[in-house]
Amino acid sequence: MSTSVNAGGRLDRLPISSFHRRIMMLIGIGMFFDGFDIYIAATVLGATLHSGFSTLPQNAMFVSATFVGMMIGSFMTGFLGDRYGRRFTYQFNLLLFGGCSLLAAFAPNMTVLIILRLFIGIGLGAENVVGYSTLTEFVPARVRGKWLGFMAVFVVSGLPIAALVGTYVIPAFSWRAMFILGGIGAIIVWYLRKSLPESPRWLESVGRTQEAEALMQRIEAEASNGAPLPAPAPAMTIAPSRSLASLWTPPLLTRMVVGCVSLIVINTLLYGFVTWLPTFFVKQGLTIATSFQYSMLMSIGAPIGSAIGALTSDRWGRKATICGSGMMAILFGCIYPFVHDPVLLPIVGFALTVPIYVLVALLFAIYIPELFPTEVRLRASGICNTFGRGATIGTPFLVVWLFSNYGITGVLSLMVGLLFSLVIVVLLFGVESGRRSLEGIEEDALTNVSLRKA
């Protein structure tokens with residue numbers, strides 16, 4: 001395959017410009033509605049349970065249907081994105097989850113809502129994979145952690161905003177209005193996203209060098225604004241790695257293990273604890289209004305945590321930030337079950353939420369997409385996300401059982417154990433990818449060079 005365009009080296013030397021900000025906005029707004037649609041479960045399920053529209057087991061089915069759909073979407077989008085491109089796949093995903101969200105607003109019963117949630121989940125799971133990976137391929141290495149971390153802020157802002165909107169919209173218009181808002185937003189972004197360019201790195205990796213060169217020239221003209229650009233780093237000659245089988249042989253196999261374990265842990269934290277907070281509060285005797293208010297206060301930690309991850313990952317390194325935030329989450333996870341004071345409860349919950357969402361920014365947005373070569377980036381990220389989503393299909397039922405038998409202490413014990421496993425795996429097997437070109441990280445993987453910083 002010709003590497004004459006050197007898309008990676010040329011993209012990495014560009015100054016941050018209106019081009020990067022436009023790409024960030026086009027991807028970020030869509031990712032916001034992805035996050036909003038995911039997190040409406042936290043408010044919708046509390047309302048459906050309170051009104052009698054659903055039961056606790058049906059709520060578990062709803063969450064599991066979301067995971068099944070996201071697992072299918074994560075797996076499918078990797079193959080579609082590496083085969084047909086990032087742009088096409090992104091557009092399809094938005095249309096799918098936006099349209100099904102609008103249909104969900106008119107579900108006559110919980111069974112229909114669960115079925116529609118399955119299809120919504122397919123779009124949500126796919127959007128998450130392709131969105132982060134696409135931005136990874138555009139942003140210069142020196143600021144990639146910050147920009148990808150702030151992309152996570154777009155996504156997780158859906159949590160406090162969904163909680164805030166739900167606090168006022170659900171009592172006035174019912175939970176159905178939440179699906180209408182998410183669906184309309186996704187459809188609008190689908191229309192705007194038509195101006196999103198294809199990834200030059202992907203075009204080059206599949207041999208479409210003329211298209212990659214033409215696109216690179218347009219990008220460079222916009223980013224430079226007529227000023228001379230520094231010379232790009234020399235193109236790296238790397239052995240072909242586009243085979244799916246390469247993911248299951250050393251050294252990429254180790255990265256697959258790190259990616260799968262990381263996403264299993266963070267998905268379980270999100271959908272085994274954070275999403276269930278309103279339901280936990282209602283079952284513990286709080287009113288639906290108080291439940292939403294507590295959840296909203298705690299959810300403010302989501303964008304704050306993701307912003308901290310964005311601002312520290314390039315400076316401290318990926319491994320140090322992941323392990324440090326993991327240990328902070330363990331600390332507050334051990335304290336939380338023993339707090340009963342109505343003032344301290346949301347404060348400690350907030351302190352627990354912040355490091356969880358530092359991990360969200362690092363694992364979903366920054367670290368996992370960096371680990372794999374361009375030719376298989378979406379497939380590898382998609383498979384890791386598939387394991388992450390798939391492992392949490394049974395999480396709602398396990399959470400219901402733990403909460404019913406051991407209360408919130410049982411649920412948090414599971415979360416703390418998983419956090420310990422994440423810290424150990426990243427420390428032992430993780431590679432440091434901070435401030436390195438994607439091609440440099442790829443070269444290390446394919447030549448079996450191990451970059452390990454404690």
# chains A, B, ... in the order shown; residues from 1 in each chain; ligands from 1

call {"tool": "residues_around", "arguments": {"residues": "Trp175 of chain A", "least_positions_apart": "5", "cutoff": "8 Å", "atoms": "only C-alpha atoms", "output": "list in words"}}
result
Thr43, Val44, Ala47, Thr48, Gly166, Val169 and Ile170 of chain A

call {"tool": "write_last_selection", "arguments": {"atoms": "N, CA and C atoms", "output": "PDB file, in the first residue's frame"}}
result
ATOM      1  N   THR A  43     -33.520   8.440  34.559  1.00  0.00           N
ATOM      2  CA  THR A  43     -34.718   9.161  34.977  1.00  0.00           C
ATOM      3  C   THR A  43     -35.992   8.463  34.522  1.00  0.00           C
ATOM      4  N   VAL A  44     -35.971   7.923  33.310  1.00  0.00           N
ATOM      5  CA  VAL A  44     -37.174   7.281  32.767  1.00  0.00           C
ATOM      6  C   VAL A  44     -37.573   6.070  33.596  1.00  0.00           C
ATOM      7  N   ALA A  47     -39.309   6.870  36.791  1.00  0.00           N
ATOM      8  CA  ALA A  47     -40.671   7.352  36.552  1.00  0.00           C
ATOM      9  C   ALA A  47     -41.610   6.228  36.140  1.00  0.00           C
ATOM     10  N   THR A  48     -41.151   5.325  35.279  1.00  0.00           N
ATOM     11  CA  THR A  48     -42.021   4.216  34.853  1.00  0.00           C
ATOM     12  C   THR A  48     -42.314   3.287  36.027  1.00  0.00           C
ATOM     13  N   GLY A 166     -35.154  15.831  33.045  1.00  0.00           N
ATOM     14  CA  GLY A 166     -36.122  14.882  33.587  1.00  0.00           C
ATOM     15  C   GLY A 166     -36.799  15.379  34.839  1.00  0.00           C
ATOM     16  N   VAL A 169     -39.278  18.012  33.149  1.00  0.00           N
ATOM     17  CA  VAL A 169     -40.100  17.592  32.012  1.00  0.00           C
ATOM     18  C   VAL A 169     -40.981  16.400  32.358  1.00  0.00           C
ATOM     19  N   ILE A 170     -40.437  15.408  33.073  1.00  0.00           N
ATOM     20  CA  ILE A 170     -41.213  14.195  33.352  1.00  0.00           C
ATOM     21  C   ILE A 170     -42.451  14.494  34.202  1.00  0.00           C
TER      22      ILE A 170
END

call {"tool": "residues_around", "arguments": {"residues": "segment 128-132 of chain A", "least_positions_apart": "5", "cutoff": "8 Å", "atoms": "only C-alpha atoms", "output": "mmCIF file with C-alpha atoms, in the first residue's frame"}}
result
data_model
loop_
_atom_site.group_PDB
_atom_site.id
_atom_site.type_symbol
_atom_site.label_atom_id
_atom_site.label_comp_id
_atom_site.auth_asym_id
_atom_site.auth_seq_id
_atom_site.Cartn_x
_atom_site.Cartn_y
_atom_site.Cartn_z
ATOM 1 C CA ILE A 27 -18.846 14.859 16.191
ATOM 2 C CA MET A 31 -22.039 12.306 20.863
ATOM 3 C CA ASP A 34 -25.773 9.686 22.252
ATOM 4 C CA SER A 74 -20.270 -1.964 18.851
ATOM 5 C CA THR A 77 -19.781 -0.700 13.497
ATOM 6 C CA GLY A 78 -16.164 -1.833 13.723
ATOM 7 C CA GLY A 81 -16.346 1.623 9.765
ATOM 8 C CA ARG A 86 -16.029 6.554 9.415
ATOM 9 C CA THR A 89 -21.064 4.618 9.610
ATOM 10 C CA TYR A 90 -21.551 7.667 11.823
ATOM 11 C CA LEU A 148 -10.592 13.400 23.178
ATOM 12 C CA MET A 151 -15.210 14.938 23.632
ATOM 13 C CA PHE A 364 -13.786 5.292 26.243
ATOM 14 C CA ALA A 365 -12.483 8.438 24.601
ATOM 15 C CA ILE A 366 -8.701 8.455 24.777
ATOM 16 C CA PRO A 369 -8.815 3.995 20.357
ATOM 17 C CA LEU A 378 -12.679 0.447 14.637
ATOM 18 C CA SER A 381 -12.365 -0.820 19.520
ATOM 19 C CA GLY A 382 -15.672 -2.362 18.510
ATOM 20 C CA ASN A 385 -16.730 -2.448 23.415
#

call {"tool": "select_by_dssp", "arguments": {"residues": "segment 3-210 of chain A", "states": "helix (DSSP H, G or I)", "output": "PyMOL selection string"}}
result
chain A and resi 7-12+18-51+56-84+86-104+110-136+141-156+158-173+176-195+200-205+209-210

call {"tool": "residues_around", "arguments": {"residues": "Ala310 of chain A", "least_positions_apart": "5", "cutoff": "10 Å", "atoms": "only C-alpha atoms", "output": "count of residues only"}}
result
19

call {"tool": "residues_around", "arguments": {"residues": "Ser325 of chain A", "least_positions_apart": "5", "cutoff": "10 Å", "atoms": "only C-alpha atoms", "output": "list in words"}}
result
Gly305, Gly309, Ala320, Ile330, Leu331, Leu352, Val354, Pro355, Ile356, Tyr357, Val358, Leu359, Leu362, Leu419 and Val423 of chain A

call {"tool": "write_last_selection", "arguments": {"atoms": "N, CA and C atoms", "output": "PDB file, in the first residue's frame"}}
result
ATOM      1  N   GLY A 305     -15.495  15.326  36.094  1.00  0.00           N
ATOM      2  CA  GLY A 305     -14.532  14.229  36.040  1.00  0.00           C
ATOM      3  C   GLY A 305     -13.933  14.056  34.657  1.00  0.00           C
ATOM      4  N   GLY A 309     -10.004  14.479  33.432  1.00  0.00           N
ATOM      5  CA  GLY A 309      -9.302  13.500  32.609  1.00  0.00           C
ATOM      6  C   GLY A 309      -8.702  14.136  31.368  1.00  0.00           C
ATOM      7  N   ALA A 320      -0.916   6.602  34.528  1.00  0.00           N
ATOM      8  CA  ALA A 320      -0.963   7.228  35.851  1.00  0.00           C
ATOM      9  C   ALA A 320      -2.358   7.788  36.136  1.00  0.00           C
ATOM     10  N   ILE A 330     -12.103   3.750  44.338  1.00  0.00           N
ATOM     11  CA  ILE A 330     -12.133   2.681  45.342  1.00  0.00           C
ATOM     12  C   ILE A 330     -12.330   3.270  46.737  1.00  0.00           C
ATOM     13  N   LEU A 331     -11.592   4.355  47.033  1.00  0.00           N
ATOM     14  CA  LEU A 331     -11.682   4.994  48.349  1.00  0.00           C
ATOM     15  C   LEU A 331     -13.109   5.453  48.649  1.00  0.00           C
ATOM     16  N   LEU A 352     -17.483  10.351  44.559  1.00  0.00           N
ATOM     17  CA  LEU A 352     -17.330   9.047  43.915  1.00  0.00           C
ATOM     18  C   LEU A 352     -17.531   9.156  42.405  1.00  0.00           C
ATOM     19  N   VAL A 354     -16.914  11.691  40.365  1.00  0.00           N
ATOM     20  CA  VAL A 354     -15.832  12.377  39.645  1.00  0.00           C
ATOM     21  C   VAL A 354     -14.765  11.411  39.138  1.00  0.00           C
ATOM     22  N   PRO A 355     -14.129  10.576  39.991  1.00  0.00           N
ATOM     23  CA  PRO A 355     -13.099   9.667  39.452  1.00  0.00           C
ATOM     24  C   PRO A 355     -13.662   8.616  38.505  1.00  0.00           C
ATOM     25  N   ILE A 356     -14.925   8.219  38.686  1.00  0.00           N
ATOM     26  CA  ILE A 356     -15.531   7.280  37.730  1.00  0.00           C
ATOM     27  C   ILE A 356     -15.536   7.892  36.335  1.00  0.00           C
ATOM     28  N   TYR A 357     -15.840   9.194  36.256  1.00  0.00           N
ATOM     29  CA  TYR A 357     -15.913   9.831  34.947  1.00  0.00           C
ATOM     30  C   TYR A 357     -14.562  10.308  34.433  1.00  0.00           C
ATOM     31  N   VAL A 358     -13.558  10.395  35.297  1.00  0.00           N
ATOM     32  CA  VAL A 358     -12.186  10.507  34.793  1.00  0.00           C
ATOM     33  C   VAL A 358     -11.863   9.237  34.012  1.00  0.00           C
ATOM     34  N   LEU A 359     -12.257   8.099  34.559  1.00  0.00           N
ATOM     35  CA  LEU A 359     -12.040   6.825  33.877  1.00  0.00           C
ATOM     36  C   LEU A 359     -12.839   6.734  32.583  1.00  0.00           C
ATOM     37  N   LEU A 362     -10.868   8.672  30.001  1.00  0.00           N
ATOM     38  CA  LEU A 362      -9.627   7.998  29.613  1.00  0.00           C
ATOM     39  C   LEU A 362      -9.877   6.725  28.824  1.00  0.00           C
ATOM     40  N   LEU A 419     -12.835  -2.370  40.163  1.00  0.00           N
ATOM     41  CA  LEU A 419     -11.853  -1.287  40.070  1.00  0.00           C
ATOM     42  C   LEU A 419     -10.445  -1.786  40.404  1.00  0.00           C
ATOM     43  N   VAL A 423      -7.084  -1.529  37.846  1.00  0.00           N
ATOM     44  CA  VAL A 423      -5.795  -0.924  38.203  1.00  0.00           C
ATOM     45  C   VAL A 423      -4.659  -1.928  37.990  1.00  0.00           C
TER      46      VAL A 423
END

call {"tool": "residues_around", "arguments": {"residues": "segment 253-264 of chain A", "least_positions_apart": "2", "cutoff": "8 Å", "atoms": "only C-alpha atoms", "output": "JSON, numbers by chain"}}
result
{"A": [246, 247, 248, 249, 250, 251, 266, 267, 268, 363, 364, 368, 371, 372, 380, 381, 383, 384, 385, 387, 388, 389, 391, 392, 422, 425, 426, 429, 430]}

call {"tool": "write_last_selection", "arguments": {"atoms": "C-alpha atoms", "output": "compact mmCIF listing (two decimals), in the first residue's frame"}}
result
# COMPACT_ATOMS: atom_id res chain seq x y z
CA SER A 246 -3.57 -9.83 14.00
CA LEU A 247 -5.68 -8.74 16.98
CA TRP A 248 -5.46 -12.22 18.48
CA THR A 249 -1.69 -12.65 18.28
CA PRO A 250 1.05 -10.89 20.25
CA PRO A 251 1.60 -8.03 20.76
CA ILE A 266 -16.22 0.94 33.26
CA ASN A 267 -19.46 -0.29 31.68
CA THR A 268 -20.35 -2.14 34.86
CA LEU A 363 -10.97 4.59 28.68
CA PHE A 364 -13.79 5.29 26.24
CA ILE A 368 -8.61 2.40 23.85
CA LEU A 371 -3.95 1.30 21.09
CA PHE A 372 -4.66 -0.13 17.62
CA ALA A 380 -10.53 -3.58 17.64
CA SER A 381 -12.36 -0.82 19.52
CA ILE A 383 -14.68 -5.81 19.79
CA CYS A 384 -13.44 -4.34 23.11
CA ASN A 385 -16.73 -2.45 23.41
CA PHE A 387 -17.01 -7.45 25.45
CA GLY A 388 -17.69 -4.44 27.67
CA ARG A 389 -21.36 -4.25 26.71
CA ALA A 391 -20.40 -8.58 30.07
CA THR A 392 -22.92 -6.13 31.51
CA LEU A 422 -8.69 -2.54 36.34
CA VAL A 425 -4.33 -4.96 34.57
CA VAL A 426 -3.36 -1.46 33.41
CA PHE A 429 0.00 -4.85 30.85
CA GLY A 430 -0.92 -1.33 29.74

call {"tool": "residues_around", "arguments": {"residues": "Gly69 of chain A", "least_positions_apart": "5", "cutoff": "6 Å", "atoms": "only C-alpha atoms", "output": "list in words"}}
result
Leu118, Phe119, Gly121 and Ile122 of chain A

call {"tool": "closest_residue", "arguments": {"among": "A:Asn6, A:Ser64, A:Thr321, A:Ser404", "to": "Leu427 of chain A", "atoms": "only C-alpha atoms"}}
result
A:Thr321

call {"tool": "residues_around", "arguments": {"residues": "Phe179 of chain A", "least_positions_apart": "2", "cutoff": "6 Å", "atoms": "only C-alpha atoms", "output": "MDAnalysis selection string"}}
result
chainID A and resid 101:102 105 176:177 181:183

call {"tool": "write_last_selection", "arguments": {"atoms": "C-alpha atoms", "output": "mmCIF file, in the first residue's frame"}}
result
data_model
loop_
_atom_site.group_PDB
_atom_site.id
_atom_site.type_symbol
_atom_site.label_atom_id
_atom_site.label_comp_id
_atom_site.auth_asym_id
_atom_site.auth_seq_id
_atom_site.Cartn_x
_atom_site.Cartn_y
_atom_site.Cartn_z
ATOM 1 C CA SER A 101 -36.135 7.122 20.063
ATOM 2 C CA LEU A 102 -39.059 8.953 18.481
ATOM 3 C CA ALA A 105 -42.128 7.900 22.927
ATOM 4 C CA ARG A 176 -42.276 9.937 26.944
ATOM 5 C CA ALA A 177 -41.105 13.491 26.307
ATOM 6 C CA LEU A 181 -36.178 15.301 22.861
ATOM 7 C CA GLY A 182 -33.378 12.810 22.292
ATOM 8 C CA GLY A 183 -34.784 11.634 18.966
#

call {"tool": "closest_residue", "arguments": {"among": "A:Gly324, A:Gly349, A:Gly98, A:Pro396", "to": "Val189 of chain A", "atoms": "only C-alpha atoms"}}
result
A:Gly98

call {"tool": "closest_residue", "arguments": {"among": "A:Pro342, A:Gly125, A:Gly410, A:Pro232", "to": "Leu11 of chain A", "atoms": "only C-alpha atoms"}}
result
A:Pro232

call {"tool": "closest_residue", "arguments": {"among": "A:Met328, A:Ile40, A:Leu26, A:Ala186", "to": "Val348 of chain A", "atoms": "only C-alpha atoms"}}
result
A:Met328

call {"tool": "atom_distance", "arguments": {"atom1": "atom CA of Phe154 of chain A", "atom2": "atom CA of Phe32 of chain A"}}
result
4.9 Å

call {"tool": "atom_distance", "arguments": {"atom1": "atom CA of Trp401 of chain A", "atom2": "atom CA of Gly52 of chain A"}}
result
20.7 Å
